[in-house]
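Peer 1: Please find run_28.pdb (PDB, C-alpha atoms) on the next line:
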ATOM      1  CA  MET A   1      79.809 101.414 127.704
ATOM      2  CA  THR A   2      82.751  99.025 127.592
ATOM      3  CA  PRO A   3      81.946  95.331 128.203
ATOM      4  CA  LEU A   4      83.164  93.977 131.536
ATOM      5  CA  GLY A   5      85.756  91.569 130.039
ATOM      6  CA  GLN A   6      87.451  94.305 127.986
ATOM      7  CA  GLU A   7      87.538  96.658 130.965
ATOM      8  CA  ILE A   8      89.222  94.032 133.150
ATOM      9  CA  ALA A   9      91.828  93.314 130.438
ATOM     10  CA  LEU A  10      92.546  97.022 129.979
ATOM     11  CA  ARG A  11      93.039  97.529 133.720
ATOM     12  CA  ALA A  12      95.298  94.467 133.912
ATOM     13  CA  VAL A  13      97.536  95.730 131.079
ATOM     14  CA  GLY A  14      97.791  99.194 132.667
ATOM     15  CA  THR A  15      98.635  97.741 136.081
ATOM     16  CA  ALA A  16     101.267  95.439 134.559
ATOM     17  CA  LEU A  17     102.932  98.350 132.700
ATOM     18  CA  ALA A  18     103.022 100.426 135.891
ATOM     19  CA  GLY A  19     104.531  97.518 137.795
ATOM     20  CA  PHE A  20     107.220  96.951 135.150
ATOM     21  CA  SER A  21     108.088 100.670 135.208
ATOM     22  CA  ILE A  22     108.543 100.620 138.995
ATOM     23  CA  ALA A  23     110.622  97.437 138.792
ATOM     24  CA  PHE A  24     112.858  98.907 136.088
ATOM     25  CA  ALA A  25     113.402 102.129 138.062
ATOM     26  CA  GLY A  26     114.313 100.090 141.160
ATOM     27  CA  TYR A  27     116.760  97.963 139.151
ATOM     28  CA  MET A  28     118.434 101.049 137.662
ATOM     29  CA  LEU A  29     118.858 102.629 141.109
ATOM     30  CA  ASP A  30     120.124  99.398 142.698
ATOM     31  CA  GLN A  31     122.553  98.324 139.971
ATOM     32  CA  GLY A  32     123.674 101.783 138.851
ATOM     33  CA  GLY A  33     126.179 102.378 141.645
ATOM     34  CA  GLY A  34     124.521 105.656 142.593
ATOM     35  CA  ARG A  35     124.685 106.956 139.020
ATOM     36  CA  ILE A  36     121.841 107.287 136.612
ATOM     37  CA  ARG A  37     122.700 105.366 133.467
ATOM     38  CA  VAL A  38     120.913 106.733 130.435
ATOM     39  CA  ASN A  39     122.481 106.652 126.987
ATOM     40  CA  GLY A  40     122.944 110.152 125.607
ATOM     41  CA  MET A  41     122.371 111.943 128.924
ATOM     42  CA  GLU A  42     125.261 114.302 128.207
ATOM     43  CA  HIS A  43     123.192 115.734 125.388
ATOM     44  CA  LEU A  44     120.253 116.633 127.601
ATOM     45  CA  ALA A  45     120.281 120.370 128.301
ATOM     46  CA  ILE A  46     119.023 120.084 131.873
ATOM     47  CA  PHE A  47     122.106 118.078 132.880
ATOM     48  CA  ALA A  48     124.461 120.494 131.115
ATOM     49  CA  GLN A  49     123.570 123.301 133.536
ATOM     50  CA  PRO A  50     126.228 124.229 136.105
ATOM     51  CA  ARG A  51     125.654 122.991 139.631
ATOM     52  CA  GLY A  52     126.231 124.893 142.836
ATOM     53  CA  THR A  53     126.361 128.610 143.357
ATOM     54  CA  ALA A  54     127.372 130.881 140.541
ATOM     55  CA  PRO A  55     130.681 132.717 140.933
ATOM     56  CA  ALA A  56     130.512 136.464 141.315
ATOM     57  CA  ALA A  57     130.028 138.168 137.968
ATOM     58  CA  ARG A  58     133.209 139.714 136.698
ATOM     59  CA  ALA A  59     133.095 142.967 134.813
ATOM     60  CA  LEU A  60     134.245 142.677 131.238
ATOM     61  CA  VAL A  61     137.121 145.072 130.701
ATOM     62  CA  LEU A  62     137.912 145.933 127.114
ATOM     63  CA  PRO A  63     141.206 147.482 126.158
ATOM     64  CA  PRO A  64     140.876 151.054 124.933
ATOM     65  CA  LEU A  65     140.957 151.662 121.202
ATOM     66  CA  THR A  66     144.118 153.294 120.008
ATOM     67  CA  GLN A  67     145.129 154.960 116.801
ATOM     68  CA  LEU A  68     146.844 151.737 115.712
ATOM     69  CA  ASP A  69     143.679 149.600 115.915
ATOM     70  CA  ALA A  70     142.155 148.902 112.537
ATOM     71  CA  PRO A  71     138.519 149.871 112.145
ATOM     72  CA  MET A  72     135.981 147.126 111.594
ATOM     73  CA  ASP A  73     135.591 146.060 107.969
ATOM     74  CA  LEU A  74     131.942 146.694 107.078
ATOM     75  CA  THR A  75     132.079 145.494 103.489
ATOM     76  CA  THR A  76     129.678 142.738 102.569
ATOM     77  CA  THR A  77     130.689 139.224 101.726
ATOM     78  CA  GLY A  78     130.236 137.691  98.297
ATOM     79  CA  SER A  79     127.201 135.736  99.425
ATOM     80  CA  VAL A  80     125.324 138.811 100.570
ATOM     81  CA  GLY A  81     125.773 140.910  97.466
ATOM     82  CA  GLY A  82     126.403 144.571  97.148
ATOM     83  CA  VAL A  83     124.125 147.468  97.834
ATOM     84  CA  ARG A  84     121.021 147.148  95.714
ATOM     85  CA  PRO A  85     119.535 150.207  94.126
ATOM     86  CA  ALA A  86     116.269 151.387  95.584
ATOM     87  CA  ALA A  87     113.339 149.464  94.161
ATOM     88  CA  THR A  88     111.420 151.570  91.702
ATOM     89  CA  ARG A  89     107.696 151.528  92.138
ATOM     90  CA  ARG A  90     105.637 150.494  89.182
ATOM     91  CA  PRO A  91     103.134 153.125  88.123
ATOM     92  CA  VAL A  92      99.490 152.703  89.074
ATOM     93  CA  GLU A  93      97.431 151.665  86.059
ATOM     94  CA  ILE A  94      93.778 151.126  85.307
ATOM     95  CA  ILE A  95      93.005 147.502  84.467
ATOM     96  CA  ALA A  96      89.286 147.986  83.862
ATOM     97  CA  ALA A  97      86.725 150.739  84.275
ATOM     98  CA  ARG A  98      83.019 151.351  83.983
ATOM     99  CA  ALA A  99      80.793 154.202  85.161
ATOM    100  CA  ASP A 100      80.423 153.003  88.760
ATOM    101  CA  ARG A 101      83.702 151.167  89.460
ATOM    102  CA  VAL A 102      87.363 151.051  88.474
ATOM    103  CA  TRP A 103      89.964 148.310  88.951
ATOM    104  CA  LEU A 104      93.522 149.500  89.555
ATOM    105  CA  ARG A 105      96.833 147.618  89.624
ATOM    106  CA  ILE A 106      98.905 149.017  92.484
ATOM    107  CA  ASP A 107     102.300 147.338  93.049
ATOM    108  CA  GLY A 108     101.087 144.131  91.433
ATOM    109  CA  ALA A 109      97.843 143.884  93.431
ATOM    110  CA  ILE A 110      94.466 144.598  91.843
ATOM    111  CA  ARG A 111      92.180 146.851  93.888
ATOM    112  CA  ALA A 112      88.623 147.947  93.113
ATOM    113  CA  ALA A 113      87.597 151.525  93.822
ATOM    114  CA  VAL A 114      84.416 153.567  93.483
ATOM    115  CA  PRO A 115      83.876 157.332  93.367
ATOM    116  CA  GLY A 116      84.497 158.778  96.805
ATOM    117  CA  ASP A 117      87.382 156.409  97.677
ATOM    118  CA  ASP A 118      90.816 157.618  98.719
ATOM    119  CA  VAL A 119      93.314 155.387  96.910
ATOM    120  CA  PRO A 120      96.993 155.399  97.919
ATOM    121  CA  ARG A 121      99.327 156.783  95.224
ATOM    122  CA  VAL A 122      96.292 158.001  93.236
ATOM    123  CA  GLY A 123      94.344 160.320  95.520
ATOM    124  CA  HIS A 124      90.665 160.977  96.074
ATOM    125  CA  ILE A 125      88.474 159.697  93.215
ATOM    126  CA  ALA A 126      85.590 162.104  92.778
ATOM    127  CA  SER A 127      84.161 160.601  89.580
ATOM    128  CA  ILE A 128      84.718 158.140  86.757
ATOM    129  CA  VAL A 129      83.844 159.668  83.392
ATOM    130  CA  PRO A 130      83.965 158.442  79.779
ATOM    131  CA  ARG A 131      86.661 160.172  77.758
ATOM    132  CA  ASP A 132      87.820 159.551  74.157
ATOM    133  CA  GLY A 133      86.225 156.103  74.048
ATOM    134  CA  GLY A 134      87.893 155.119  77.325
ATOM    135  CA  TRP A 135      87.560 156.198  80.948
ATOM    136  CA  ALA A 136      89.186 158.809  83.172
ATOM    137  CA  LEU A 137      89.413 159.229  86.936
ATOM    138  CA  LEU A 138      88.853 162.784  88.114
ATOM    139  CA  ASP A 139      89.595 164.394  91.449
ATOM    140  CA  ASP A 140      87.427 166.994  93.283
ATOM    141  CA  ARG A 141      88.722 169.855  91.105
ATOM    142  CA  GLY A 142      88.123 167.991  87.842
ATOM    143  CA  ALA A 143      91.792 167.232  87.231
ATOM    144  CA  THR A 144      92.559 163.901  85.559
ATOM    145  CA  LEU A 145      94.194 161.364  87.861
ATOM    146  CA  LEU A 146      94.416 158.366  85.485
ATOM    147  CA  THR A 147      93.007 157.367  82.104
ATOM    148  CA  VAL A 148      92.491 154.175  80.138
ATOM    149  CA  ALA A 149      91.876 153.853  76.405
ATOM    150  CA  LYS A 150      89.004 151.808  75.004
ATOM    151  CA  GLN A 151      91.293 149.024  73.783
ATOM    152  CA  GLY A 152      93.002 148.836  77.202
ATOM    153  CA  ASN A 153      89.763 148.560  79.154
ATOM    154  CA  GLY A 154      89.236 145.074  80.564
ATOM    155  CA  ALA A 155      85.816 145.735  82.108
ATOM    156  CA  SER A 156      84.340 142.697  80.328
ATOM    157  CA  LEU A 157      86.636 140.504  82.428
ATOM    158  CA  PHE A 158      84.961 141.752  85.609
ATOM    159  CA  ALA A 159      81.370 141.824  84.303
ATOM    160  CA  ARG A 160      80.684 138.111  84.952
ATOM    161  CA  LYS A 161      79.625 137.027  88.426
ATOM    162  CA  ARG A 162      80.972 133.472  87.930
ATOM    163  CA  ILE A 163      83.969 132.288  85.990
ATOM    164  CA  PHE A 164      82.051 129.997  83.573
ATOM    165  CA  GLU A 165      79.166 132.306  82.654
TER     166      GLU A 165
END
Can you dump the structure from the file as structure tokens?
Peer 2:
Amino acid sequence: MTPLGQEIALRAVGTALAGFSIAFAGYMLDQGGGRIRVNGMEHLAIFAQPRGTAPAARALVLPPLTQLDAPMDLTTTGSVGGVRPAATRRPVEIIAARADRVWLRIDGAIRAAVPGDDVPRVGHIASIVPRDGGWALLDDRGATLLTVAKQGNGASLFARKRIFE
């Protein structure tokens, strides 16, 4: 709880500020000649609004296009650049694999997948099998979806639970 002396001082300061605000507003109304004098008031958006009733809306009439009118120039400016060729997608690649999990790089993002997952741009992974010292992803029919060679397998990078182990 606030001590009594501090509470009285706080109330006195608040009352004095309110009194000065009322006195200043009265002075501005009395000495302003009926106008509100505030520096920069022309920049306030509320005072820039039109006053009174709005005139009836007039229909915008455009002249008809003729054969002599030039069509609009749709070429780009130098700052925009020309038409860019369609971005080519990078192929999906296996970063690391082991018997129960595979890590894939898809458009720069690394995604983990397990057998039974449907992976975009790869398909349904039915199994992960060892093949030629590396690993292969197979679909439901046994067709190879992706492979990774032994030297390209980064499974040891994902084997640690913490970074400093």
Peer 1: With distances taken over only C-alpha atoms, which residue among A:Ala96, A:Gly5, A:Leu146, A:Arg141 lies nearest Val119 in chain A?
Peer 2: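 For Val119 in chain A, the nearest of the candidates is A:Leu146.
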Peer 1: I'd like the neighbourhood of Ala113 in chain A as an mmCIF file with C-alpha atoms, in the coordinates of the input, where a residue qualifies if any of its atoms comes within 9 Å (using only C-alpha atoms), though same-chain residues fewer than 5 positions away should be ignored.
Peer 2:
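Here's the written file part_12.cif:
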data_model
loop_
_atom_site.group_PDB
_atom_site.id
_atom_site.type_symbol
_atom_site.label_atom_id
_atom_site.label_comp_id
_atom_site.auth_asym_id
_atom_site.auth_seq_id
_atom_site.Cartn_x
_atom_site.Cartn_y
_atom_site.Cartn_z
ATOM 1 C CA ASP A 100 80.423 153.003 88.760
ATOM 2 C CA ARG A 101 83.702 151.167 89.460
ATOM 3 C CA VAL A 102 87.363 151.051 88.474
ATOM 4 C CA TRP A 103 89.964 148.310 88.951
ATOM 5 C CA LEU A 104 93.522 149.500 89.555
ATOM 6 C CA ASP A 118 90.816 157.618 98.719
ATOM 7 C CA VAL A 119 93.314 155.387 96.910
ATOM 8 C CA ILE A 125 88.474 159.697 93.215
#
Peer 1: For Pro91 in chain A, which of A:Ala136, A:Ile8, A:Leu145, A:Ile106 is the closest residue, counting all atoms listed in the file?
Peer 2: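 So, comparing all the options, the nearest one is A:Ile106.
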Peer 1: Choose the residue, out of A:Ala126, A:Ala12, A:Val92, A:Leu29, that has the smallest atom-to-atom separation from Ala143 in chain A; count all atoms listed in the file.
Peer 2: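 Nearest to Ala143 in chain A: A:Ala126.
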Peer 1: Just the number, please: distance in Å from CA of Thr88 in chain A to CA of Arg105 in chain A, one decimal.
Peer 2: 15.3 Å
Peer 1: Provide the CA of Asn153 in chain A to CA of Ser127 in chain A distance in Å, to one decimal place.
Peer 2: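 Going from CA of Asn153 in chain A over to CA of Ser127 in chain A, I get 16.9 Å.
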Peer 1: Could you check how far CA of Gln151 in chain A sits from CA of Pro120 in chain A, in Å to one decimal?
Peer 2: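 Between CA of Gln151 in chain A and CA of Pro120 in chain A the gap is 25.6 Å.
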Peer 1: For Thr147 in chain A, please output as an MDAnalysis selection string all residues within 12 Å (counting only C-alpha atoms; exclusion window: fewer than 5 positions along the same chain).
Peer 2: chainID A and resid 92:98 102:104 122 128:138 152:153
Peer 1: Could you tell me which of A:Ala112, A:Phe24, A:Asp107, A:Ala18 comes closest to Arg89 in chain A if we count only C-alpha atoms?
Peer 2: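 When distances to Arg89 in chain A are compared using only C-alpha atoms, the smallest one comes from A:Asp107.
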